[in-house]
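Asker: Please read through the structure below; I'll follow up with questions.
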Amino acid sequence: MPRTWPLSLPRFPVLPAGQDFYARRNTTAESCRASGAIVRFPHRGCRGLLATAANHTKNTRRIPFLFVKAVDVIRSLVYAALASVLILSASRFEATAADEGEQNHYAQFYGFSGVELYKLDKRSFSLASGDFNADGLTDLMTVDNRASCLRLFAQVADPDSRRKESGQYVNDLRSDWRFDVQQISVDKQIAGMVTADFNQDDRTDVAYIGTPDRLVVRYQPEKGKSDWSERWSVRLPELAPAAWMIATGDLNGDLKADIAVLGKNVTYIIYQGMDGEMQTPVPLINTSQQLSLLQIADLNGDKRMDLSYQATEGQERGLCARLQTEDGRLGPEVRFDLQQPRSVTLYDVDQQPGSEILTVNSRTGRVLISQLTTTEKSESSVPSRMLQFGVGDASGAKGRAVAVGDIDGDKLNDVLVTDPQNAQVLVYRQNGVDGLDTVEAYPGLLGASNICVADTDGDGTSEVVVM
């Protein structure tokens with residue numbers, strides 16, 4: 001059962017961190033919203049503390065720019081004097097703490113400097129970070145569907161060669177100097193993107209969903225080359241574009257990056273082989289046609305990555321998960337009692353094994369931190385949570401039939417379900433470890449309305465009869 005702790009988010013005042021922010025805050029805010037831009041706050045040591053010490057009022061926005069600049073010059077001189085005092089005081093405190101054997105924390109001196117802006121199109125989305133040119137520096141990548149490309153922001157190694165002066169006018173929004181903007185052309189509209197090493201060459205690659213039904217992996221070229229020509233792709237039928245419909249992580253315990261994609265009726269798992277090649281997609285039947293927010297993280301603290309997603313049934317939304325088993329399989333779906341979450345994030349908050357579930361309640365606006373706990377099983381215990389197994393499209397559920405019996409002679413009962421629309425029989429075998437295994441599909445009869453398991457010839461093994 002998940003344990004939850006409510007956490008209220010306080011309202012922090014938005015305080016400027018220097019003259020650069022004053023010069024841009026009032027004149028470029030509307031321009032940033034109109035054109036779309038990446039906003040970056042570089043770290044600036046204790047400057048953030050000094051900025052928060054100032055009590056700026058709302059009337060500051062109405063002060064003319066030249067007057068504000070003069071005031072900032074005076075304020076900067078005062079801040080410089082205060083900084084000297086603070087640094088000297090911190091040094092004395094550090095010496096005292098060292099003598100007493102105590103640890104000194106500098107979190108109170110953390111802050112940001114001015115804003116760096118980079119132009120983007122309004123249709124840009126899916127921001128990812130990584131080393132995309134093997135130079136050891138962290139780069140950024142976004143999807144730009146208007147320009148039909150992946151836009152790569154490669155961090156420059158020599159800042160002085162790229163540093164630029166700001167525009168002549170205050171509203172002249174020119175991208176800052178830190179990144180060299182490049183384009184990787186694509187031939188389809190992109191619905192989602194993830195980054196990881198998908199071929200075991202120690203370079204960060206890119207995988208994206210090309211509408212309507214294509215998964216494409218673009219491999220990073222060797223160092224010094226810029227042509228992302230090597231690729232791998234596969235068709236995934238019946239994809240329905242949804243928020244966060246693709247995720248990556250180790251889903252079978254082999255320490256390689258796999259890919260999961262949400263479909264309309266099935267979730268596709270594309271495992272990475274031992275040779276670094278992506279394998280044939282493995283479908284997992286969904287329990288709902290409205291799945292979104294696909295994420296991969298260790299939820300139960302067993303050091304294995306689990307699959308989680310949000311399911312919507314009418315007006316109800318809930319968080320679901322498929323926990324990875326000891327033998328590298330994804331188990332049945334488990335639903336958690338999270339009432340109407342507006343946002344869901346998986347993160348290791350307490351630095352203990354297993355990620356916590358951070359949700360924002362849609363009614364109260366509070367952040368809830370939940371943790372998945374497991375109970376020891378015993379012969380007399382009753383399952384406290386329902387496990388769900390998908391059986392296919394809900395439109396064909398009316399004519400389905402279910403049968404239970406031992407069909408493989410292991411003295412464990414298995415479950416069989418007819419799929420009359422697709423002329424299939426879905427088989428869920430017991431694995432002897434944790435219950436029913438993932439579904440196996442076998443040929444059946446079109447429009448089958450009934451099914452049973454019986455030993456019809458008296459040889460001690462059961463047969464399946466379909467009507």
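So you can find residues: chains in the structure tokens are A, B, ... in the order shown, residues in each start at 1, and ligands are numbered from 1 in order.
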Taking only C-alpha atoms into account, produce a table as JSON lines in which each residue of region 196-298 of chain A with an atom at most 12 Å from an atom of region 423-447 of chain A appears once, together with its shortest atom pair and the distance in Å to one decimal, ordered by chain and rising number.
Answerer:
{"residue": "A:Val266", "atom": "CA", "partner": "A:Val439", "partner_atom": "CA", "distance": 11.6}
{"residue": "A:Val282", "atom": "CA", "partner": "A:Thr438", "partner_atom": "CA", "distance": 10.7}
{"residue": "A:Pro283", "atom": "CA", "partner": "A:Val439", "partner_atom": "CA", "distance": 9.3}
{"residue": "A:Leu284", "atom": "CA", "partner": "A:Thr438", "partner_atom": "CA", "distance": 7.6}
{"residue": "A:Ile285", "atom": "CA", "partner": "A:Val439", "partner_atom": "CA", "distance": 7.9}
{"residue": "A:Asn286", "atom": "CA", "partner": "A:Val439", "partner_atom": "CA", "distance": 11.1}
Asker: Convert the current residue selection to file output with N, CA, C and O atoms, as a PDB file, in the first residue's frame.
Answerer:
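Result saved to result12.pdb:
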ATOM      1  N   VAL A 266      -2.247  -1.830 -27.250  1.00  0.00           N
ATOM      2  CA  VAL A 266      -1.108  -2.537 -26.672  1.00  0.00           C
ATOM      3  C   VAL A 266       0.004  -1.541 -26.374  1.00  0.00           C
ATOM      4  O   VAL A 266       0.057  -0.440 -26.950  1.00  0.00           O
ATOM      5  N   VAL A 282       7.739  -6.322 -28.614  1.00  0.00           N
ATOM      6  CA  VAL A 282       6.923  -7.267 -27.853  1.00  0.00           C
ATOM      7  C   VAL A 282       5.691  -6.522 -27.349  1.00  0.00           C
ATOM      8  O   VAL A 282       5.818  -5.556 -26.591  1.00  0.00           O
ATOM      9  N   PRO A 283       4.474  -6.934 -27.747  1.00  0.00           N
ATOM     10  CA  PRO A 283       3.274  -6.207 -27.311  1.00  0.00           C
ATOM     11  C   PRO A 283       2.774  -6.688 -25.948  1.00  0.00           C
ATOM     12  O   PRO A 283       2.788  -7.879 -25.646  1.00  0.00           O
ATOM     13  N   LEU A 284       2.350  -5.739 -25.125  1.00  0.00           N
ATOM     14  CA  LEU A 284       1.655  -6.010 -23.867  1.00  0.00           C
ATOM     15  C   LEU A 284       0.257  -5.425 -23.991  1.00  0.00           C
ATOM     16  O   LEU A 284       0.103  -4.218 -24.231  1.00  0.00           O
ATOM     17  N   ILE A 285      -0.771  -6.249 -23.827  1.00  0.00           N
ATOM     18  CA  ILE A 285      -2.141  -5.793 -24.014  1.00  0.00           C
ATOM     19  C   ILE A 285      -2.515  -4.794 -22.919  1.00  0.00           C
ATOM     20  O   ILE A 285      -2.328  -5.065 -21.728  1.00  0.00           O
ATOM     21  N   ASN A 286      -3.057  -3.653 -23.322  1.00  0.00           N
ATOM     22  CA  ASN A 286      -3.454  -2.617 -22.369  1.00  0.00           C
ATOM     23  C   ASN A 286      -4.773  -2.970 -21.689  1.00  0.00           C
ATOM     24  O   ASN A 286      -5.593  -3.721 -22.235  1.00  0.00           O
TER      25      ASN A 286
END
Asker: If we count only C-alpha atoms, what is near region 288-303 of chain A at a cut-off of 10 Å, once residues fewer than 6 positions away on the same chain are taken out, given as a ChimeraX atom specification?
Answerer: /A:240-251,253,259-267,309-314,317-326,343-348,352-357,371-374,390-394
Asker: Determine the nearest neighbour of Thr418 (chain A) from the options A:Met386, A:Cys452, A:Leu137, A:Val360, counting only C-alpha atoms.
Answerer: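 Smallest separation from Thr418 (chain A) among the options: A:Cys452.
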Asker: Please provide the set of residues having any atom within 6 Å of Pro341 (chain A), restricted to only C-alpha atoms, with same-chain residues fewer than 6 positions apart removed, written as a PyMOL selection string.
Answerer: chain A and resi 359-362
Asker: Please write the residues from the selection above to a file, keeping N, CA and C atoms, as a PDB file, in the first residue's frame.
Answerer:
ATOM      1  N   THR A 359       2.906  13.527  -6.803  1.00  0.00           N
ATOM      2  CA  THR A 359       1.695  13.912  -7.530  1.00  0.00           C
ATOM      3  C   THR A 359       1.188  15.253  -7.019  1.00  0.00           C
ATOM      4  N   VAL A 360       0.480  15.960  -7.890  1.00  0.00           N
ATOM      5  CA  VAL A 360      -0.187  17.203  -7.522  1.00  0.00           C
ATOM      6  C   VAL A 360      -1.683  16.936  -7.539  1.00  0.00           C
ATOM      7  N   ASN A 361      -2.325  17.088  -6.399  1.00  0.00           N
ATOM      8  CA  ASN A 361      -3.753  16.857  -6.311  1.00  0.00           C
ATOM      9  C   ASN A 361      -4.505  17.937  -7.076  1.00  0.00           C
ATOM     10  N   SER A 362      -5.398  17.530  -7.967  1.00  0.00           N
ATOM     11  CA  SER A 362      -6.098  18.480  -8.826  1.00  0.00           C
ATOM     12  C   SER A 362      -7.096  19.337  -8.056  1.00  0.00           C
TER      13      SER A 362
END
Asker: I'd like the contact shell of Asp187 (chain A) - 10 Å cut-off, only C-alpha atoms, skipping same-chain residues fewer than 6 positions apart - returned as a list in words.
Answerer: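 Selected residues are Asn145, Ser148, Cys149, Gly210 and Thr211 of chain A.
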Asker: Can you measure CA of Arg231 (chain A) to CA of Arg218 (chain A) for me? One decimal in Å is fine.
Answerer: 4.5 Å
Asker: May I ask for the distance between CA of Asp306 (chain A) and CA of Ala196 (chain A), given in Å to one decimal place?
Answerer: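 Computed distance, CA of Asp306 (chain A) to CA of Ala196 (chain A), equals 17.1 Å.
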